[in-house]
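File shown: structure_35.pdb. Contents: PDB, C-alpha atoms, pLDDT in the B column.
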```pdb
ATOM      1  CA  MET A 903     159.721 152.240  78.558  1.00 71.00           C
ATOM      2  CA  PHE A 904     160.941 154.466  81.317  1.00 75.00           C
ATOM      3  CA  THR A 905     163.047 151.777  82.985  1.00 83.00           C
ATOM      4  CA  ARG A 906     165.779 149.989  81.088  1.00 84.00           C
ATOM      5  CA  PRO A 907     165.620 146.226  80.655  1.00 87.00           C
ATOM      6  CA  ALA A 908     167.677 144.389  83.260  1.00 84.00           C
ATOM      7  CA  ASP A 909     169.013 141.841  80.796  1.00 88.00           C
ATOM      8  CA  LEU A 910     169.784 143.922  77.701  1.00 91.00           C
ATOM      9  CA  ALA A 911     172.887 145.989  78.423  1.00 92.00           C
ATOM     10  CA  ASN A 912     174.145 148.918  76.359  1.00 94.00           C
ATOM     11  CA  ASP A 913     177.175 146.920  75.201  1.00 93.00           C
ATOM     12  CA  VAL A 914     174.903 144.174  73.826  1.00 95.00           C
ATOM     13  CA  VAL A 915     172.777 146.704  71.926  1.00 96.00           C
ATOM     14  CA  SER A 916     175.934 148.395  70.674  1.00 96.00           C
ATOM     15  CA  ALA A 917     177.319 145.069  69.424  1.00 97.00           C
ATOM     16  CA  VAL A 918     174.045 144.303  67.628  1.00 96.00           C
ATOM     17  CA  VAL A 919     174.096 147.681  65.872  1.00 97.00           C
ATOM     18  CA  GLU A 920     177.718 147.183  64.853  1.00 97.00           C
ATOM     19  CA  ASP A 921     177.195 143.615  63.620  1.00 97.00           C
ATOM     20  CA  ALA A 922     173.777 143.868  61.961  1.00 97.00           C
ATOM     21  CA  TRP A 923     173.970 147.391  60.532  1.00 97.00           C
ATOM     22  CA  GLN A 924     177.759 147.556  60.168  1.00 97.00           C
ATOM     23  CA  LEU A 925     178.015 150.868  62.020  1.00 96.00           C
ATOM     24  CA  SER A 926     180.845 151.891  64.303  1.00 96.00           C
ATOM     25  CA  VAL A 927     179.147 152.903  67.562  1.00 95.00           C
ATOM     26  CA  ARG A 928     180.867 155.757  69.380  1.00 96.00           C
ATOM     27  CA  ARG A 929     178.262 156.377  72.079  1.00 96.00           C
ATOM     28  CA  ILE A 930     175.085 154.724  73.292  1.00 96.00           C
ATOM     29  CA  ASP A 931     172.640 156.020  75.906  1.00 95.00           C
ATOM     30  CA  TYR A 932     169.423 154.484  77.142  1.00 95.00           C
ATOM     31  CA  ALA A 933     166.460 156.761  76.354  1.00 93.00           C
ATOM     32  CA  PRO A 934     163.607 156.503  78.891  1.00 91.00           C
ATOM     33  CA  VAL A 935     160.869 157.538  76.456  1.00 86.00           C
ATOM     34  CA  GLY A 936     157.737 156.088  74.960  1.00 77.00           C
ATOM     35  CA  PHE A 937     156.095 152.790  75.733  1.00 78.00           C
ATOM     36  CA  GLY A 938     155.986 149.272  74.367  1.00 82.00           C
ATOM     37  CA  SER A 939     159.627 149.128  73.302  1.00 90.00           C
ATOM     38  CA  TYR A 940     162.921 149.975  74.964  1.00 94.00           C
ATOM     39  CA  HIS A 941     164.927 152.808  73.339  1.00 95.00           C
ATOM     40  CA  TRP A 942     168.509 154.014  72.919  1.00 95.00           C
ATOM     41  CA  HIS A 943     170.171 157.037  71.333  1.00 96.00           C
ATOM     42  CA  VAL A 944     173.251 156.016  69.376  1.00 96.00           C
ATOM     43  CA  ARG A 945     176.072 157.971  67.752  1.00 95.00           C
ATOM     44  CA  ALA A 946     177.722 155.968  64.987  1.00 94.00           C
ATOM     45  CA  ASP A 947     179.660 156.821  61.842  1.00 91.00           C
ATOM     46  CA  GLY A 948     179.025 160.536  62.325  1.00 90.00           C
ATOM     47  CA  ASP A 949     175.236 160.178  62.516  1.00 93.00           C
ATOM     48  CA  ARG A 950     172.676 159.937  65.286  1.00 95.00           C
ATOM     49  CA  TRP A 951     170.365 156.953  65.432  1.00 96.00           C
ATOM     50  CA  PHE A 952     167.413 155.713  67.453  1.00 95.00           C
ATOM     51  CA  VAL A 953     167.340 152.032  68.423  1.00 97.00           C
ATOM     52  CA  THR A 954     164.340 150.090  69.681  1.00 95.00           C
ATOM     53  CA  ALA A 955     164.209 146.668  71.316  1.00 95.00           C
ATOM     54  CA  ASP A 956     160.959 144.771  71.670  1.00 93.00           C
ATOM     55  CA  ASP A 957     160.710 142.014  74.257  1.00 92.00           C
ATOM     56  CA  LEU A 958     159.210 139.026  72.435  1.00 92.00           C
ATOM     57  CA  ILE A 959     158.846 136.999  75.650  1.00 89.00           C
ATOM     58  CA  ALA A 960     157.216 139.461  78.057  1.00 81.00           C
ATOM     59  CA  GLY A 961     155.861 142.105  75.693  1.00 62.00           C
ATOM     60  CA  GLY A 962     153.257 142.297  73.016  1.00 53.00           C
ATOM     61  CA  SER A 963     149.657 143.282  72.807  1.00 54.00           C
ATOM     62  CA  HIS A 964     148.490 139.843  71.712  1.00 56.00           C
ATOM     63  CA  LEU A 965     148.291 137.902  74.948  1.00 56.00           C
ATOM     64  CA  GLY A 966     149.196 134.291  74.583  1.00 61.00           C
ATOM     65  CA  ALA A 967     151.053 134.812  71.310  1.00 76.00           C
ATOM     66  CA  SER A 968     154.338 132.955  71.050  1.00 84.00           C
ATOM     67  CA  PRO A 969     157.613 134.856  70.668  1.00 87.00           C
ATOM     68  CA  ASP A 970     157.734 133.712  67.032  1.00 88.00           C
ATOM     69  CA  GLU A 971     154.237 135.098  66.414  1.00 87.00           C
ATOM     70  CA  ARG A 972     155.152 138.374  68.100  1.00 88.00           C
ATOM     71  CA  ALA A 973     158.295 138.611  65.941  1.00 90.00           C
ATOM     72  CA  ARG A 974     156.202 137.920  62.820  1.00 90.00           C
ATOM     73  CA  ARG A 975     153.661 140.607  63.716  1.00 89.00           C
ATOM     74  CA  LEU A 976     156.406 143.130  64.495  1.00 91.00           C
ATOM     75  CA  ALA A 977     158.214 142.363  61.221  1.00 94.00           C
ATOM     76  CA  ALA A 978     154.958 142.860  59.315  1.00 93.00           C
ATOM     77  CA  ALA A 979     154.358 146.264  60.906  1.00 92.00           C
ATOM     78  CA  LEU A 980     157.944 147.459  60.420  1.00 95.00           C
ATOM     79  CA  SER A 981     158.061 146.179  56.836  1.00 95.00           C
ATOM     80  CA  SER A 982     154.797 147.976  56.060  1.00 93.00           C
ATOM     81  CA  ALA A 983     156.307 151.233  57.338  1.00 94.00           C
ATOM     82  CA  ARG A 984     159.465 150.659  55.266  1.00 95.00           C
ATOM     83  CA  VAL A 985     157.422 150.104  52.081  1.00 93.00           C
ATOM     84  CA  LEU A 986     155.348 153.225  52.728  1.00 92.00           C
ATOM     85  CA  ARG A 987     158.507 155.272  53.246  1.00 93.00           C
ATOM     86  CA  ASN A 988     160.041 153.812  50.087  1.00 91.00           C
ATOM     87  CA  ASP A 989     156.836 154.744  48.222  1.00 88.00           C
ATOM     88  CA  GLY A 990     157.530 158.400  49.001  1.00 88.00           C
ATOM     89  CA  LEU A 991     155.587 158.963  52.194  1.00 91.00           C
ATOM     90  CA  THR A 992     158.344 160.943  53.874  1.00 91.00           C
ATOM     91  CA  PHE A 993     156.256 161.491  57.011  1.00 92.00           C
ATOM     92  CA  VAL A 994     156.437 157.749  57.781  1.00 92.00           C
ATOM     93  CA  VAL A 995     159.390 156.981  60.037  1.00 93.00           C
ATOM     94  CA  ALA A 996     160.604 153.537  59.051  1.00 95.00           C
ATOM     95  CA  PRO A 997     163.388 151.310  60.316  1.00 97.00           C
ATOM     96  CA  ILE A 998     166.629 150.936  58.391  1.00 97.00           C
ATOM     97  CA  PRO A 999     167.142 147.373  57.095  1.00 97.00           C
ATOM     98  CA  THR A1000     170.175 145.465  58.369  1.00 97.00           C
ATOM     99  CA  ALA A1001     173.146 144.819  56.081  1.00 96.00           C
ATOM    100  CA  GLU A1002     171.454 141.478  55.301  1.00 96.00           C
ATOM    101  CA  GLY A1003     168.188 143.233  54.396  1.00 95.00           C
ATOM    102  CA  GLU A1004     166.259 142.221  57.514  1.00 96.00           C
ATOM    103  CA  ILE A1005     163.844 144.719  59.065  1.00 95.00           C
ATOM    104  CA  HIS A1006     165.016 143.902  62.602  1.00 96.00           C
ATOM    105  CA  GLN A1007     167.678 141.784  64.261  1.00 96.00           C
ATOM    106  CA  LEU A1008     166.754 139.040  66.708  1.00 94.00           C
ATOM    107  CA  VAL A1009     168.927 138.844  69.829  1.00 93.00           C
ATOM    108  CA  GLU A1010     169.008 135.838  72.156  1.00 88.00           C
ATOM    109  CA  GLU A1011     165.619 134.695  70.798  1.00 87.00           C
ATOM    110  CA  ARG A1012     164.037 137.318  73.035  1.00 92.00           C
ATOM    111  CA  TRP A1013     164.716 140.765  71.629  1.00 94.00           C
ATOM    112  CA  ALA A1014     163.827 142.271  68.255  1.00 95.00           C
ATOM    113  CA  VAL A1015     166.172 145.223  67.693  1.00 97.00           C
ATOM    114  CA  ALA A1016     165.451 147.850  65.029  1.00 97.00           C
ATOM    115  CA  LEU A1017     167.421 150.912  63.912  1.00 98.00           C
ATOM    116  CA  TYR A1018     165.918 154.252  62.861  1.00 96.00           C
ATOM    117  CA  PRO A1019     167.332 157.611  61.878  1.00 95.00           C
ATOM    118  CA  LEU A1020     167.086 159.982  64.831  1.00 93.00           C
ATOM    119  CA  ILE A1021     164.532 162.672  64.088  1.00 90.00           C
ATOM    120  CA  GLU A1022     164.582 165.813  66.192  1.00 84.00           C
ATOM    121  CA  GLY A1023     161.148 166.889  67.259  1.00 78.00           C
ATOM    122  CA  TYR A1024     158.496 166.472  69.874  1.00 71.00           C
ATOM    123  CA  SER A1025     155.292 164.531  70.314  1.00 69.00           C
ATOM    124  CA  PRO A1026     152.251 166.754  70.597  1.00 67.00           C
ATOM    125  CA  GLN A1027     150.141 166.339  73.681  1.00 67.00           C
ATOM    126  CA  SER A1028     146.818 164.571  73.398  1.00 65.00           C
ATOM    127  CA  GLY A1029     144.183 166.940  72.061  1.00 62.00           C
ATOM    128  CA  SER A1030     146.781 169.403  70.777  1.00 65.00           C
ATOM    129  CA  HIS A1031     145.326 169.409  67.252  1.00 66.00           C
ATOM    130  CA  THR A1032     142.874 172.070  68.292  1.00 73.00           C
ATOM    131  CA  THR A1033     143.179 174.436  65.349  1.00 83.00           C
ATOM    132  CA  SER A1034     141.472 173.713  62.068  1.00 88.00           C
ATOM    133  CA  ALA A1035     144.850 173.992  60.295  1.00 89.00           C
ATOM    134  CA  ALA A1036     146.377 171.330  62.558  1.00 83.00           C
ATOM    135  CA  ARG A1037     143.396 169.015  62.092  1.00 85.00           C
ATOM    136  CA  ARG A1038     143.487 169.579  58.324  1.00 91.00           C
ATOM    137  CA  ALA A1039     147.198 168.688  58.239  1.00 89.00           C
ATOM    138  CA  VAL A1040     146.504 165.403  60.045  1.00 87.00           C
ATOM    139  CA  VAL A1041     143.642 164.574  57.676  1.00 92.00           C
ATOM    140  CA  GLU A1042     145.864 165.311  54.663  1.00 93.00           C
ATOM    141  CA  LEU A1043     148.510 162.902  55.974  1.00 92.00           C
ATOM    142  CA  LEU A1044     145.869 160.222  56.529  1.00 91.00           C
ATOM    143  CA  MET A1045     144.567 160.774  52.996  1.00 92.00           C
ATOM    144  CA  ALA A1046     148.077 160.443  51.565  1.00 89.00           C
ATOM    145  CA  LEU A1047     148.549 157.242  53.539  1.00 87.00           C
ATOM    146  CA  HIS A1048     145.319 155.724  52.218  1.00 85.00           C
ATOM    147  CA  GLU A1049     145.945 156.862  48.638  1.00 84.00           C
ATOM    148  CA  THR A1050     149.362 155.225  48.394  1.00 79.00           C
ATOM    149  CA  SER A1051     150.010 152.135  46.317  1.00 68.00           C
ATOM    150  CA  GLY A1052     148.967 148.786  47.648  1.00 77.00           C
ATOM    151  CA  ALA A1053     152.550 147.571  48.132  1.00 79.00           C
ATOM    152  CA  ALA A1054     152.248 147.770  51.928  1.00 81.00           C
ATOM    153  CA  ARG A1055     149.324 145.335  51.755  1.00 79.00           C
ATOM    154  CA  ASN A1056     151.847 142.620  50.964  1.00 82.00           C
ATOM    155  CA  TYR A1057     153.260 143.072  54.478  1.00 84.00           C
ATOM    156  CA  ALA A1058     150.485 144.495  56.660  1.00 83.00           C
ATOM    157  CA  LEU A1059     148.440 142.021  58.661  1.00 82.00           C
ATOM    158  CA  GLN A1060     144.701 142.229  59.087  1.00 81.00           C
ATOM    159  CA  ASP A1061     143.515 142.263  62.666  1.00 79.00           C
ATOM    160  CA  ASP A1062     140.811 139.749  63.478  1.00 80.00           C
ATOM    161  CA  PHE A1063     139.749 141.856  66.486  1.00 84.00           C
ATOM    162  CA  ALA A1064     139.652 138.703  68.596  1.00 81.00           C
ATOM    163  CA  ILE A1065     139.651 139.343  72.311  1.00 80.00           C
ATOM    164  CA  PRO A1066     142.715 137.677  73.865  1.00 74.00           C
ATOM    165  CA  CYS A1067     141.792 135.123  76.541  1.00 77.00           C
ATOM    166  CA  ARG A1068     138.092 135.623  75.727  1.00 83.00           C
ATOM    167  CA  ASP A1069     137.060 132.242  77.170  1.00 84.00           C
ATOM    168  CA  ASP A1070     138.663 133.136  80.508  1.00 79.00           C
ATOM    169  CA  LEU A1071     136.912 136.509  80.491  1.00 79.00           C
ATOM    170  CA  LEU A1072     133.510 134.959  79.790  1.00 85.00           C
ATOM    171  CA  ALA A1073     134.069 132.317  82.462  1.00 83.00           C
ATOM    172  CA  SER A1074     134.765 135.066  84.999  1.00 78.00           C
ATOM    173  CA  PHE A1075     131.287 136.498  84.326  1.00 80.00           C
ATOM    174  CA  SER A1076     129.571 133.225  85.180  1.00 81.00           C
ATOM    175  CA  ASN A1077     129.782 133.741  88.940  1.00 75.00           C
ATOM    176  CA  LEU A1078     129.759 137.459  89.643  1.00 73.00           C
ATOM    177  CA  SER A1079     127.978 137.033  92.975  1.00 74.00           C
ATOM    178  CA  ALA A1080     130.854 135.035  94.483  1.00 73.00           C
ATOM    179  CA  ALA A1081     133.347 136.807  96.731  1.00 72.00           C
ATOM    180  CA  TRP A1082     136.490 138.033  95.004  1.00 71.00           C
ATOM    181  CA  THR A1083     139.574 136.618  96.630  1.00 71.00           C
ATOM    182  CA  GLU A1084     142.347 137.494  94.195  1.00 72.00           C
ATOM    183  CA  GLY A1085     144.127 140.704  93.302  1.00 72.00           C
ATOM    184  CA  PRO A1086     144.777 143.824  95.357  1.00 73.00           C
ATOM    185  CA  TYR A1087     141.055 144.730  95.563  1.00 71.00           C
ATOM    186  CA  GLY A1088     139.641 141.226  95.972  1.00 68.00           C
ATOM    187  CA  GLU A1089     139.117 141.370  99.714  1.00 64.00           C
ATOM    188  CA  PRO A1090     137.589 144.863  99.964  1.00 65.00           C
ATOM    189  CA  SER A1091     135.221 144.353  97.028  1.00 59.00           C
ATOM    190  CA  PRO A1092     131.555 143.825  97.990  1.00 53.00           C
TER     191      PRO A1092
END
```
Mind converting the file's structure to structure tokens?
Amino acid sequence: MFTRPADLANDVVSAVVEDAWQLSVRRIDYAPVGFGSYHWHVRADGDRWFVTADDLIAGGSHLGASPDERARRLAAALSSARVLRNDGLTFVVAPIPTAEGEIHQLVEERWAVALYPLIEGYSPQSGSHTTSAARRAVVELLMALHETSGAARNYALQDDFAIPCRDDLLASFSNLSAAWTEGPYGEPSP
């Protein structure tokens, strides 16, 4: 997220990192990168870390899911990554478990905070795998991922591919000839 959350201050994130991961935070800076989660760069105990916070109330790709369900889905995804990393897939970036062995730390029943090692690098632009060598490297990583042991299956969830709010969507199709009155383009739409 490019804008920091209004109700999750640096000192709160710092305290969570210190309490849950038992690190002594020396510096914390909000990182306006990525999407879906909020991010911070942290210096603690002589190392650099990357912290994410997922909003379980407002966020999530599964519309209508409760905060508990969103936390469960996030924990499943992060735990799957941790198992894959532990199985030797060094290209998988996985969160560091808390001192209590949890994959993330819940804060104020709203935020799921996770800690990662900071990895220097860059994200390639979309379509940047234009050489056959680059495409081959991606395919080899995907093959390694799919050839790994089944341990991650104990954590990974299967998607049912259900369309969130499907009944509402179908109901909206029932009267397409009526005038649109809602939203920024309701009035000018024919």
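Taking atom CA of Ala946 of chain A as the reference point, atom CA of Glu920 of chain A is found at 8.8 Å.
Minimum atom-to-atom distance to Arg1055 of chain A, evaluated using only C-alpha atoms, belongs to A:Arg984 out of A:Arg945, A:Arg1038, A:Arg929, A:Arg984.
Straight-line separation from atom CA of Ala1001 of chain A to atom CA of Val919 of chain A: 10.2 Å.
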- Message: When the PyMOL selection byres ((chain A and resi 935) around 12) is applied to the structure above, which residues does it catch, written out as a list in words?
- Response: Met903, Phe904, Thr905, Arg906, Asp931, Tyr932, Ala933, Pro934, Gly936, Phe937, Gly938, Ser939, Tyr940, His941, Trp942, His943, Phe952, Val953, Thr954, Tyr1024 and Ser1025 of chain A
- Item | Resolved residues for the PyMOL selection byres ((chain A and resi 957) around 9) as a ChimeraX atom specification | /A:938-940,955-956,958-962,969,1012-1014
Report, as AutoDock Vina command-line options, the axis-aligned box around all atoms of segment 1051-1066 of chain A present in the file, extended by 3 Å on each side; give centre and edge lengths in Å to one decimal place.
```
--center_x 146.5 --center_y 144.9 --center_z 60.1 --size_x 19.6 --size_y 20.5 --size_z 33.5
```
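Take atom CA of Ala911 of chain A and atom CA of Trp923 of chain A: the distance between them is 18.0 Å.
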- Query: For Ala978 of chain A, which residue among A:Glu1022, A:Asp913, A:Asp1062, A:Glu1004 is the nearest when counting only C-alpha atoms?
  - Reply: A:Glu1004
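Residues in contact with Gly948 of chain A at up to 12 Å, not including ones fewer than 6 positions away on its chain and judged by all atoms listed in the file, are A:Leu925, A:Ser926, A:Val927, A:Arg928, A:Arg929.
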File dump, residues just selected, C-alpha atoms, as a PDB file, in the frame of the given file:
```pdb
ATOM      1  CA  LEU A 925     178.015 150.868  62.020  1.00 96.00           C
ATOM      2  CA  SER A 926     180.845 151.891  64.303  1.00 96.00           C
ATOM      3  CA  VAL A 927     179.147 152.903  67.562  1.00 95.00           C
ATOM      4  CA  ARG A 928     180.867 155.757  69.380  1.00 96.00           C
ATOM      5  CA  ARG A 929     178.262 156.377  72.079  1.00 96.00           C
TER       6      ARG A 929
END
```
Applied to this file, what does the PyMOL selection byres ((chain A and resi 1017) around 9) return in terms of residues, put as a short mmCIF file (atom, residue, chain, number, x, y, z; two decimals) with C-alpha atoms, in the frame of the given file?
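The result, written out as part_14.cif:
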```
data_model
loop_
_atom_site.label_atom_id
_atom_site.label_comp_id
_atom_site.auth_asym_id
_atom_site.auth_seq_id
_atom_site.Cartn_x
_atom_site.Cartn_y
_atom_site.Cartn_z
CA VAL A 919 174.10 147.68 65.87
CA TRP A 923 173.97 147.39 60.53
CA TRP A 951 170.36 156.95 65.43
CA PHE A 952 167.41 155.71 67.45
CA VAL A 953 167.34 152.03 68.42
CA THR A 954 164.34 150.09 69.68
CA ALA A 996 160.60 153.54 59.05
CA PRO A 997 163.39 151.31 60.32
CA ILE A 998 166.63 150.94 58.39
CA PRO A 999 167.14 147.37 57.10
CA THR A 1000 170.18 145.46 58.37
CA ILE A 1005 163.84 144.72 59.06
CA HIS A 1006 165.02 143.90 62.60
CA VAL A 1015 166.17 145.22 67.69
CA ALA A 1016 165.45 147.85 65.03
CA TYR A 1018 165.92 154.25 62.86
CA PRO A 1019 167.33 157.61 61.88
#
```
- Message: Under the rule that only C-alpha atoms are counted, which of A:Ala1036, A:Val918, A:Val1041, A:Ala979 is the nearest residue to Asn1056 of chain A?
- Response: A:Ala979
Mind rebuilding segment 1054-1080 of chain A with N, CA and C atoms and writing that out as a short mmCIF file (atom, residue, chain, number, x, y, z; two decimals), in the frame of the given file?
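Saved as selection-v3.cif:
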```
data_model
loop_
_atom_site.label_atom_id
_atom_site.label_comp_id
_atom_site.auth_asym_id
_atom_site.auth_seq_id
_atom_site.Cartn_x
_atom_site.Cartn_y
_atom_site.Cartn_z
N ALA A 1054 152.19 148.07 50.49
CA ALA A 1054 152.25 147.77 51.93
C ALA A 1054 151.28 146.65 52.30
N ARG A 1055 150.27 146.42 51.48
CA ARG A 1055 149.32 145.34 51.76
C ARG A 1055 150.00 143.97 51.72
N ASN A 1056 151.12 143.89 51.01
CA ASN A 1056 151.85 142.62 50.96
C ASN A 1056 152.49 142.28 52.31
N TYR A 1057 152.61 143.27 53.19
CA TYR A 1057 153.26 143.07 54.48
C TYR A 1057 152.30 143.24 55.65
N ALA A 1058 151.38 144.18 55.54
CA ALA A 1058 150.49 144.50 56.66
C ALA A 1058 149.57 143.32 56.96
N LEU A 1059 149.34 143.08 58.23
CA LEU A 1059 148.44 142.02 58.66
C LEU A 1059 147.06 142.61 58.94
N GLN A 1060 146.04 141.81 58.72
CA GLN A 1060 144.70 142.23 59.09
C GLN A 1060 144.43 141.75 60.50
N ASP A 1061 143.85 142.63 61.29
CA ASP A 1061 143.51 142.26 62.67
C ASP A 1061 142.17 141.55 62.66
N ASP A 1062 142.08 140.47 63.39
CA ASP A 1062 140.81 139.75 63.48
C ASP A 1062 139.93 140.28 64.62
N PHE A 1063 140.46 141.23 65.38
CA PHE A 1063 139.75 141.86 66.49
C PHE A 1063 139.28 140.83 67.53
N ALA A 1064 139.96 139.71 67.58
CA ALA A 1064 139.65 138.70 68.60
C ALA A 1064 140.09 139.23 69.95
N ILE A 1065 139.33 138.93 70.95
CA ILE A 1065 139.65 139.34 72.31
C ILE A 1065 140.57 138.28 72.91
N PRO A 1066 141.81 138.67 73.27
CA PRO A 1066 142.72 137.68 73.86
C PRO A 1066 142.12 137.11 75.15
N CYS A 1067 142.26 135.82 75.33
CA CYS A 1067 141.79 135.12 76.54
C CYS A 1067 140.29 135.30 76.75
N ARG A 1068 139.53 135.36 75.66
CA ARG A 1068 138.09 135.62 75.73
C ARG A 1068 137.37 134.57 76.56
N ASP A 1069 137.73 133.30 76.41
CA ASP A 1069 137.06 132.24 77.17
C ASP A 1069 137.23 132.45 78.67
N ASP A 1070 138.43 132.86 79.09
CA ASP A 1070 138.66 133.14 80.51
C ASP A 1070 137.82 134.31 80.98
N LEU A 1071 137.71 135.34 80.15
CA LEU A 1071 136.91 136.51 80.49
C LEU A 1071 135.45 136.12 80.66
N LEU A 1072 134.91 135.38 79.70
CA LEU A 1072 133.51 134.96 79.79
C LEU A 1072 133.27 134.07 81.00
N ALA A 1073 134.22 133.19 81.29
CA ALA A 1073 134.07 132.32 82.46
C ALA A 1073 134.03 133.14 83.75
N SER A 1074 134.76 134.23 83.78
CA SER A 1074 134.76 135.07 85.00
C SER A 1074 133.42 135.74 85.23
N PHE A 1075 132.61 135.89 84.18
CA PHE A 1075 131.29 136.50 84.33
C PHE A 1075 130.25 135.51 84.85
N SER A 1076 130.57 134.24 84.84
CA SER A 1076 129.57 133.22 85.18
C SER A 1076 129.21 133.21 86.66
N ASN A 1077 130.05 133.78 87.51
CA ASN A 1077 129.78 133.74 88.94
C ASN A 1077 130.14 135.09 89.58
N LEU A 1078 129.46 136.12 89.14
CA LEU A 1078 129.76 137.46 89.64
C LEU A 1078 129.32 137.67 91.10
N SER A 1079 128.44 136.85 91.60
CA SER A 1079 127.98 137.03 92.98
C SER A 1079 128.94 136.43 93.99
N ALA A 1080 129.88 135.63 93.55
CA ALA A 1080 130.85 135.04 94.48
C ALA A 1080 131.82 136.10 94.98
#
```
